[in-house]
file data_12.cif (mmCIF, C-alpha atoms and all ligand atoms)
data_work
loop_
_atom_site.label_atom_id
_atom_site.label_comp_id
_atom_site.auth_asym_id
_atom_site.auth_seq_id
_atom_site.Cartn_x
_atom_site.Cartn_y
_atom_site.Cartn_z
CA MET A 16 110.32 232.54 110.78
CA SER A 17 106.66 232.85 111.59
CA THR A 18 103.70 233.24 109.26
CA THR A 19 101.13 236.00 109.83
CA LEU A 20 97.55 235.35 108.74
CA THR A 21 95.05 238.22 108.46
CA PHE A 22 91.31 237.67 108.03
CA TYR A 23 89.62 239.95 105.49
CA GLY A 24 86.10 238.53 105.91
CA GLN A 25 84.25 235.84 103.90
CA ALA A 26 87.06 233.51 102.65
CA SER A 27 89.70 236.19 102.02
CA PHE A 28 93.02 236.18 103.88
CA GLY A 29 96.38 237.85 103.83
CA VAL A 30 99.36 235.58 104.42
CA GLU A 31 102.83 236.95 105.15
CA THR A 32 105.40 234.20 104.99
CA ALA A 33 109.09 233.90 104.09
CA GLY A 34 109.15 237.58 103.14
CA PHE A 35 106.28 237.30 100.65
CA LYS A 36 102.74 238.71 100.80
CA LEU A 37 99.98 236.40 99.61
CA VAL A 38 96.28 237.17 99.36
CA ILE A 39 93.88 234.25 99.28
CA ASP A 40 90.61 234.84 97.38
CA PRO A 41 91.02 238.65 97.20
CA PHE A 42 87.44 239.83 97.78
CA PHE A 43 87.36 243.47 98.86
CA THR A 44 84.94 245.36 96.57
CA GLY A 45 81.42 244.42 97.69
CA ASN A 46 82.70 242.63 100.81
CA PRO A 47 80.95 244.35 103.75
CA LEU A 48 83.46 242.83 106.21
CA ALA A 49 86.66 243.87 104.39
CA PRO A 50 88.86 245.98 106.70
CA ILE A 51 90.83 247.44 103.77
CA SER A 52 90.08 248.20 100.12
CA ALA A 53 91.35 246.57 96.95
CA GLU A 54 93.32 249.78 96.31
CA GLU A 55 95.22 249.43 99.62
CA VAL A 56 96.12 245.75 99.68
CA GLU A 57 99.73 244.73 98.99
CA ALA A 58 100.44 241.43 97.28
CA ASP A 59 103.17 239.39 95.64
CA TYR A 60 100.84 236.45 94.97
CA LEU A 61 97.07 236.01 94.68
CA LEU A 62 95.68 232.52 95.26
CA VAL A 63 92.25 232.05 93.69
CA SER A 64 90.23 228.96 94.69
CA HIS A 65 87.30 229.26 92.26
CA GLY A 66 85.48 231.54 89.88
CA HIS A 67 82.68 232.90 92.09
CA GLY A 68 82.65 236.65 92.55
CA ASP A 69 83.35 236.50 96.30
CA HIS A 70 86.59 234.59 95.57
CA ILE A 71 88.07 235.79 92.26
CA GLY A 72 86.92 239.17 93.56
CA ASP A 73 89.36 241.99 92.82
CA THR A 74 92.02 239.73 91.26
CA ILE A 75 92.27 241.64 87.97
CA PRO A 76 92.59 245.21 89.36
CA ILE A 77 95.03 244.08 92.08
CA VAL A 78 97.25 242.37 89.50
CA LYS A 79 97.17 245.46 87.27
CA ARG A 80 98.16 247.72 90.19
CA THR A 81 100.68 245.52 92.02
CA GLY A 82 101.97 243.06 89.41
CA ALA A 83 101.11 240.19 91.77
CA LYS A 84 101.35 236.70 90.31
CA VAL A 85 98.13 234.66 90.29
CA ILE A 86 98.07 230.98 91.27
CA THR A 87 94.79 229.28 90.42
CA THR A 88 93.18 226.30 88.69
CA ALA A 89 94.08 225.59 85.06
CA GLU A 90 90.66 226.72 83.80
CA ILE A 91 90.73 230.04 85.63
CA ALA A 92 94.37 230.57 84.60
CA GLY A 93 93.24 230.13 80.99
CA TRP A 94 90.40 232.63 81.46
CA LEU A 95 92.80 235.17 82.98
CA GLY A 96 95.27 234.53 80.15
CA LYS A 97 92.69 235.72 77.62
CA GLN A 98 92.69 239.02 79.54
CA ASP A 99 96.49 239.26 79.37
CA ILE A 100 96.95 238.22 83.00
CA GLU A 101 99.60 235.57 83.53
CA ALA A 102 98.79 232.90 86.09
CA HIS A 103 100.49 229.79 87.40
CA PRO A 104 98.03 226.92 86.79
CA GLN A 105 97.73 224.10 89.33
CA HIS A 106 95.05 221.55 90.04
CA ILE A 107 93.60 219.30 92.70
CA GLY A 108 96.18 217.00 94.25
CA GLY A 109 99.02 218.92 92.63
CA GLY A 110 101.61 220.73 94.69
CA PHE A 111 104.41 223.08 93.64
CA HIS A 112 107.43 224.56 95.42
CA HIS A 113 106.84 228.31 95.11
CA PRO A 114 109.35 230.80 96.58
CA PHE A 115 107.02 231.25 99.61
CA GLY A 116 106.49 227.53 100.34
CA TYR A 117 104.88 224.35 99.01
CA LEU A 118 101.30 224.88 97.87
CA LYS A 119 99.02 221.94 97.17
CA PHE A 120 95.54 222.26 95.70
CA THR A 121 92.91 220.27 97.59
CA GLN A 122 89.51 219.11 96.49
CA ALA A 123 86.36 221.10 97.17
CA PHE A 124 82.75 220.21 96.45
CA HIS A 125 81.19 223.36 95.07
CA GLY A 126 80.86 225.26 91.75
CA SER A 127 83.33 227.49 89.94
CA GLY A 128 81.48 229.48 87.25
CA LEU A 129 83.23 232.74 86.37
CA PRO A 130 81.56 236.18 86.61
CA ASP A 131 80.98 236.37 82.82
CA GLY A 132 79.42 232.90 82.76
CA SER A 133 82.58 231.16 81.50
CA TYR A 134 83.30 227.61 82.61
CA GLY A 135 85.68 227.64 85.57
CA GLY A 136 86.34 223.92 86.01
CA MET A 137 86.48 222.42 89.49
CA PRO A 138 86.83 224.58 92.61
CA ALA A 139 89.73 223.96 94.97
CA GLY A 140 91.07 224.54 98.45
CA PHE A 141 94.69 225.12 99.49
CA LEU A 142 97.16 223.30 101.70
CA LEU A 143 100.19 225.51 102.33
CA THR A 144 103.37 224.13 103.86
CA THR A 145 105.45 227.11 104.95
CA LYS A 146 109.23 227.33 104.88
CA ALA A 147 109.06 226.77 108.66
CA ASP A 148 107.17 223.52 107.97
CA LYS A 149 103.80 224.71 109.29
CA LYS A 150 100.76 223.28 107.53
CA ILE A 151 97.82 225.60 106.93
CA TYR A 152 94.63 224.33 105.29
CA PHE A 153 92.21 226.71 103.62
CA ALA A 154 89.11 224.65 102.79
CA GLN A 155 87.50 227.55 100.89
CA ASP A 156 83.96 226.88 99.60
CA THR A 157 83.06 223.24 100.03
CA GLY A 158 80.67 220.77 101.53
CA LEU A 159 81.88 218.12 103.94
CA PHE A 160 83.85 215.23 102.42
CA GLY A 161 85.36 212.16 104.07
CA ASP A 162 88.80 212.61 102.51
CA MET A 163 89.33 215.54 104.86
CA LYS A 164 90.66 212.76 107.09
CA LEU A 165 93.54 212.28 104.61
CA TYR A 166 94.43 215.97 104.78
CA GLY A 167 94.24 215.68 108.55
CA ASP A 168 96.74 212.80 108.43
CA GLU A 169 99.33 215.33 107.18
CA GLY A 170 99.24 217.04 110.61
CA LEU A 171 97.57 220.46 110.29
CA ASP A 172 98.65 223.43 112.37
CA VAL A 173 95.69 225.59 111.31
CA ALA A 174 92.49 224.91 109.35
CA PHE A 175 90.13 227.59 108.03
CA LEU A 176 86.65 226.15 107.55
CA PRO A 177 83.40 227.62 106.23
CA ILE A 178 80.50 227.52 108.71
CA GLY A 179 77.99 229.75 106.88
CA ASP A 180 75.67 227.01 105.59
CA ASN A 181 73.50 227.55 102.49
CA PHE A 182 76.44 227.67 99.99
CA THR A 183 78.99 225.62 101.98
CA MET A 184 79.26 223.50 105.11
CA GLY A 185 77.18 224.78 107.98
CA PRO A 186 78.05 224.53 111.68
CA ASP A 187 77.11 220.84 112.06
CA ASP A 188 79.16 219.61 109.11
CA ALA A 189 82.01 221.99 109.95
CA LEU A 190 82.17 220.36 113.40
CA ARG A 191 82.38 216.95 111.71
CA ALA A 192 85.11 218.38 109.47
CA VAL A 193 87.16 219.39 112.53
CA LYS A 194 86.94 215.78 113.77
CA LEU A 195 88.31 214.54 110.41
CA LEU A 196 90.99 217.21 110.02
CA ARG A 197 92.18 217.27 113.68
CA PRO A 198 93.96 220.65 113.31
CA LYS A 199 95.81 222.18 116.25
CA THR A 200 93.83 225.37 115.64
CA VAL A 201 90.63 225.93 113.67
CA VAL A 202 89.20 229.25 112.49
CA PRO A 203 85.63 229.65 111.14
CA MET A 204 85.04 231.67 107.96
CA HIS A 205 82.48 232.32 105.19
CA TYR A 206 79.71 233.49 107.54
CA ASN A 207 77.92 236.76 108.49
CA THR A 208 78.89 238.44 105.24
CA TRP A 209 75.23 238.42 104.17
CA PRO A 210 71.92 237.41 105.84
CA LEU A 211 71.87 234.10 103.92
CA ILE A 212 74.95 232.90 105.81
CA GLU A 213 74.33 234.33 109.29
CA GLN A 214 75.82 232.16 112.04
CA ASP A 215 76.92 232.44 115.67
CA PRO A 216 80.67 231.64 115.56
CA GLN A 217 81.04 231.67 119.36
CA ALA A 218 78.31 229.03 119.76
CA TRP A 219 80.10 226.92 117.13
CA ALA A 220 83.42 227.44 118.91
CA GLU A 221 81.92 226.14 122.18
CA ARG A 222 80.74 222.96 120.45
CA VAL A 223 84.18 222.39 118.89
CA ARG A 224 85.88 222.91 122.26
CA ALA A 225 83.48 220.46 123.94
CA GLN A 226 83.86 217.74 121.32
CA THR A 227 87.42 217.98 119.97
CA ASP A 228 90.99 218.77 121.08
CA SER A 229 91.33 221.61 118.55
CA LYS A 230 91.80 225.18 119.72
CA VAL A 231 89.22 227.53 118.15
CA ILE A 232 89.97 231.14 117.30
CA VAL A 233 87.11 233.35 116.08
CA MET A 234 88.92 236.02 114.07
CA GLN A 235 87.35 239.43 113.52
CA PRO A 236 88.01 240.99 110.10
CA GLY A 237 91.39 242.73 110.26
CA GLU A 238 92.67 240.49 113.07
CA THR A 239 95.85 238.51 112.65
CA LEU A 240 97.06 235.10 113.77
CA GLU A 241 100.73 234.10 114.07
CA VAL A 242 101.67 230.56 113.14
NI NI B 301 81.66 229.95 95.91
MN MN B 302 81.96 231.87 98.52
#
call {"tool": "encode", "arguments": {"input": "data_12.cif", "output": "structure tokens"}}
result
Amino acid sequence: MSTTLTFYGQASFGVETAGFKLVIDPFFTGNPLAPISAEEVEADYLLVSHGHGDHIGDTIPIVKRTGAKVITTAEIAGWLGKQDIEAHPQHIGGGFHHPFGYLKFTQAFHGSGLPDGSYGGMPAGFLLTTKADKKIYFAQDTGLFGDMKLYGDEGLDVAFLPIGDNFTMGPDDALRAVKLLRPKTVVPMHYNTWPLIEQDPQAWAERVRAQTDSKVIVMQPGETLEV
């Protein structure tokens, strides 16, 4: 029972696992890297890490079209509730056994203001344990933090890390993050969407290969990875 991960550009991913379709940070409209549109994507669940437009993205129209269930922080769940969108609230350190697997919210050092200026609480990342017991870490938008070592102690199969700099970790700190997380495979994200976050992912991959035991996969938007 494998899990299929599809990169949609920026920090947006499709996850097919245990017969369910998840979309992480569903950012299609305004995402120059998105290989499909918000009108085409299929979803049973939307996981939203924080309130910024490139993460909450197309959540509301996708829910209205597909009936997908949203899983997000308590503050964003409350904000969605005021718009008649039901969401499962979780928060940092808290895990829950969903039908698709065990999802824990991880810490992230960033902001989380919502598009209308509402308070969005703390941002988060995700640690998904699949039904096949694979551990997949989505750091989402964050700076480097030392407790990544503790997530690494869980034994990560895949880690998705931002390398774009400016708003999140850049290549140097993302390399340090790989050393703390020690994932079997690492995939860079949150870069080359806009000029402010232009990076060379292949150059970063070479540094990771030279300095760690992690395998690096540079995914093009639309590409998939089997775990
Ligand atoms: Ni952000
Ligand atoms: Mn972002």
call {"tool": "closest_atom_pairs", "arguments": {"input": "data_12.cif", "of": "chain A", "to": "ligand NI 301 (chain B)", "cutoff": "9 Å", "atoms": "all atoms listed in the file", "output": "CSV"}}
result
residue,atom,partner,partner_atom,distance
A:Ser64,CA,B:NI301,NI,8.7
A:His65,CA,B:NI301,NI,6.8
A:Gly66,CA,B:NI301,NI,7.3
A:His67,CA,B:NI301,NI,4.9
A:Gly68,CA,B:NI301,NI,7.6
A:Asp69,CA,B:NI301,NI,6.8
A:His70,CA,B:NI301,NI,6.8
A:His125,CA,B:NI301,NI,6.7
A:Gly126,CA,B:NI301,NI,6.3
A:Ser127,CA,B:NI301,NI,6.7
A:Gly128,CA,B:NI301,NI,8.7
A:Pro138,CA,B:NI301,NI,8.2
A:Gln155,CA,B:NI301,NI,8.0
A:Asp156,CA,B:NI301,NI,5.3
A:Thr157,CA,B:NI301,NI,8.0
A:Phe182,CA,B:NI301,NI,7.0
A:Thr183,CA,B:NI301,NI,7.9
call {"tool": "write_last_selection", "arguments": {"input": "data_12.cif", "atoms": "C-alpha atoms", "output": "compact mmCIF listing (two decimals), in the coordinates of the input"}}
result
# COMPACT_ATOMS: atom_id res chain seq x y z
CA SER A 64 90.23 228.96 94.69
CA HIS A 65 87.30 229.26 92.26
CA GLY A 66 85.48 231.54 89.88
CA HIS A 67 82.68 232.90 92.09
CA GLY A 68 82.65 236.65 92.55
CA ASP A 69 83.35 236.50 96.30
CA HIS A 70 86.59 234.59 95.57
CA HIS A 125 81.19 223.36 95.07
CA GLY A 126 80.86 225.26 91.75
CA SER A 127 83.33 227.49 89.94
CA GLY A 128 81.48 229.48 87.25
CA PRO A 138 86.83 224.58 92.61
CA GLN A 155 87.50 227.55 100.89
CA ASP A 156 83.96 226.88 99.60
CA THR A 157 83.06 223.24 100.03
CA PHE A 182 76.44 227.67 99.99
CA THR A 183 78.99 225.62 101.98
call {"tool": "residues_around", "arguments": {"input": "data_12.cif", "residues": "Thr239 of chain A", "least_positions_apart": "5", "cutoff": "7 Å", "atoms": "only C-alpha atoms", "output": "ChimeraX atom specification"}}
result
/A:19-22
call {"tool": "atom_distance", "arguments": {"input": "data_12.cif", "atom1": "atom CA of Asp162 of chain A", "atom2": "atom CA of Pro130 of chain A"}}
result
29.3 Å
call {"tool": "residues_near_point", "arguments": {"input": "data_12.cif", "point": "(95.3, 226.6, 94.9)", "cutoff": "6 Å", "atoms": "all atoms listed in the file", "output": "PyMOL selection string"}}
result
chain A and resi 62+64+87+120+140-141
call {"tool": "closest_residue", "arguments": {"input": "data_12.cif", "among": "A:Ala83, A:Met137, A:Met184, A:Ala218", "to": "Ile107 of chain A", "atoms": "only C-alpha atoms"}}
result
A:Met137
call {"tool": "residues_around", "arguments": {"input": "data_12.cif", "residues": "Met234 of chain A", "least_positions_apart": "6", "cutoff": "10 Å", "atoms": "only C-alpha atoms", "output": "list in words"}}
result
Thr21, Phe22, Tyr23, Gly24, Val202, Pro203, Met204, Pro216 and Leu240 of chain A
call {"tool": "closest_residue", "arguments": {"input": "data_12.cif", "among": "A:Val56, A:Leu211, A:Leu37, A:Ala189", "to": "ligand MN 302 (chain B)", "atoms": "all atoms listed in the file"}}
result
A:Leu211
call {"tool": "atom_distance", "arguments": {"input": "data_12.cif", "atom1": "atom CA of Asp40 of chain A", "atom2": "atom CA of Glu221 of chain A"}}
result
27.7 Å
call {"tool": "atom_distance", "arguments": {"input": "data_12.cif", "atom1": "atom CA of Ala225 of chain A", "atom2": "atom CA of Gly167 of chain A"}}
result
19.4 Å
call {"tool": "axis_aligned_box", "arguments": {"input": "data_12.cif", "around": "segment 80-98 of chain A", "padding_each_side": "6 Å", "output": "AutoDock Vina command-line options"}}
result
--center_x 96.2 --center_y 236.7 --center_z 84.8 --size_x 23.6 --size_y 34.1 --size_z 26.4
call {"tool": "closest_residue", "arguments": {"input": "data_12.cif", "among": "A:Asp131, A:Asp188, A:Asp172, A:Glu101", "to": "Lys150 of chain A", "atoms": "all atoms listed in the file"}}
result
A:Asp172
call {"tool": "closest_residue", "arguments": {"input": "data_12.cif", "among": "A:Val242, A:Met163, A:Ala154, A:Met16", "to": "ligand MN 302 (chain B)", "atoms": "only C-alpha atoms and all ligand atoms"}}
result
A:Ala154
call {"tool": "residues_around", "arguments": {"input": "data_12.cif", "residues": "Gly110 of chain A", "least_positions_apart": "6", "cutoff": "8 Å", "atoms": "only C-alpha atoms", "output": "mmCIF file with C-alpha atoms, keeping the file's coordinate frame"}}
result
data_model
loop_
_atom_site.group_PDB
_atom_site.id
_atom_site.type_symbol
_atom_site.label_atom_id
_atom_site.label_comp_id
_atom_site.auth_asym_id
_atom_site.auth_seq_id
_atom_site.Cartn_x
_atom_site.Cartn_y
_atom_site.Cartn_z
ATOM 1 C CA TYR A 117 104.880 224.350 99.010
ATOM 2 C CA LEU A 118 101.300 224.880 97.870
ATOM 3 C CA LYS A 119 99.020 221.940 97.170
ATOM 4 C CA PHE A 120 95.540 222.260 95.700
#
call {"tool": "closest_residue", "arguments": {"input": "data_12.cif", "among": "A:Glu55, A:Glu90, A:Asp73, A:Asp180", "to": "ligand MN 302 (chain B)", "atoms": "only C-alpha atoms and all ligand atoms"}}
result
A:Asp180
call {"tool": "build_atoms", "arguments": {"input": "data_12.cif", "residues": "segment 128-139 of chain A", "atoms": "all heavy atoms", "output": "CSV table (one decimal), in the frame of the given file"}}
result
chain,number,residue,atom,x,y,z
A,128,GLY,N,81.8,228.6,88.4
A,128,GLY,CA,81.5,229.5,87.2
A,128,GLY,C,82.1,230.9,87.4
A,128,GLY,O,82.1,231.4,88.5
A,129,LEU,N,82.6,231.4,86.3
A,129,LEU,CA,83.2,232.7,86.4
A,129,LEU,C,82.2,233.9,86.2
A,129,LEU,O,81.1,233.6,85.8
A,129,LEU,CB,84.3,232.8,85.3
A,129,LEU,CG,85.5,232.0,85.7
A,129,LEU,CD1,86.3,231.4,84.5
A,129,LEU,CD2,86.5,232.8,86.5
A,130,PRO,N,82.5,235.1,86.6
A,130,PRO,CA,81.6,236.2,86.6
A,130,PRO,C,80.9,236.4,85.3
A,130,PRO,O,79.7,236.9,85.2
A,130,PRO,CB,82.4,237.4,87.0
A,130,PRO,CG,83.5,236.8,87.9
A,130,PRO,CD,83.8,235.5,87.2
A,131,ASP,N,81.6,236.2,84.1
A,131,ASP,CA,81.0,236.4,82.8
A,131,ASP,C,80.3,235.1,82.3
A,131,ASP,O,79.9,235.1,81.1
A,131,ASP,CB,82.0,236.9,81.8
A,131,ASP,CG,83.1,235.8,81.5
A,131,ASP,OD1,83.0,234.7,82.1
A,131,ASP,OD2,84.0,236.1,80.7
A,132,GLY,N,80.1,234.1,83.2
A,132,GLY,CA,79.4,232.9,82.8
A,132,GLY,C,80.3,231.8,82.2
A,132,GLY,O,79.9,230.7,81.9
A,133,SER,N,81.6,232.1,82.0
A,133,SER,CA,82.6,231.2,81.5
A,133,SER,C,82.7,230.0,82.4
A,133,SER,O,82.5,230.1,83.7
A,133,SER,CB,84.0,231.8,81.3
A,133,SER,OG,83.9,232.8,80.4
A,134,TYR,N,83.1,228.8,81.8
A,134,TYR,CA,83.3,227.6,82.6
A,134,TYR,C,84.6,227.7,83.4
A,134,TYR,O,85.6,228.1,82.9
A,134,TYR,CB,83.4,226.4,81.6
A,134,TYR,CG,83.8,225.1,82.2
A,134,TYR,CD1,83.0,224.4,83.1
A,134,TYR,CD2,85.1,224.6,81.9
A,134,TYR,CE1,83.4,223.2,83.6
A,134,TYR,CE2,85.5,223.4,82.5
A,134,TYR,CZ,84.6,222.7,83.3
A,134,TYR,OH,85.0,221.5,83.8
A,135,GLY,N,84.5,227.5,84.7
A,135,GLY,CA,85.7,227.6,85.6
A,135,GLY,C,86.3,226.3,86.1
A,135,GLY,O,87.2,226.4,86.9
A,136,GLY,N,85.8,225.2,85.6
A,136,GLY,CA,86.3,223.9,86.0
A,136,GLY,C,85.9,223.6,87.4
A,136,GLY,O,84.9,224.0,87.9
A,137,MET,N,86.8,222.8,88.1
A,137,MET,CA,86.5,222.4,89.5
A,137,MET,C,87.0,223.5,90.5
A,137,MET,O,88.1,224.1,90.2
A,137,MET,CB,87.2,221.1,89.8
A,137,MET,CG,86.7,219.9,89.1
A,137,MET,SD,85.2,219.2,89.9
A,137,MET,CE,85.9,218.4,91.3
A,138,PRO,N,86.3,223.7,91.6
A,138,PRO,CA,86.8,224.6,92.6
A,138,PRO,C,87.9,223.8,93.4
A,138,PRO,O,88.0,222.6,93.3
A,138,PRO,CB,85.6,224.9,93.5
A,138,PRO,CG,84.8,223.6,93.4
A,138,PRO,CD,85.0,223.1,92.0
A,139,ALA,N,88.6,224.6,94.2
A,139,ALA,CA,89.7,224.0,95.0
A,139,ALA,C,89.8,224.6,96.4
A,139,ALA,O,89.2,225.6,96.6
A,139,ALA,CB,91.1,224.1,94.2
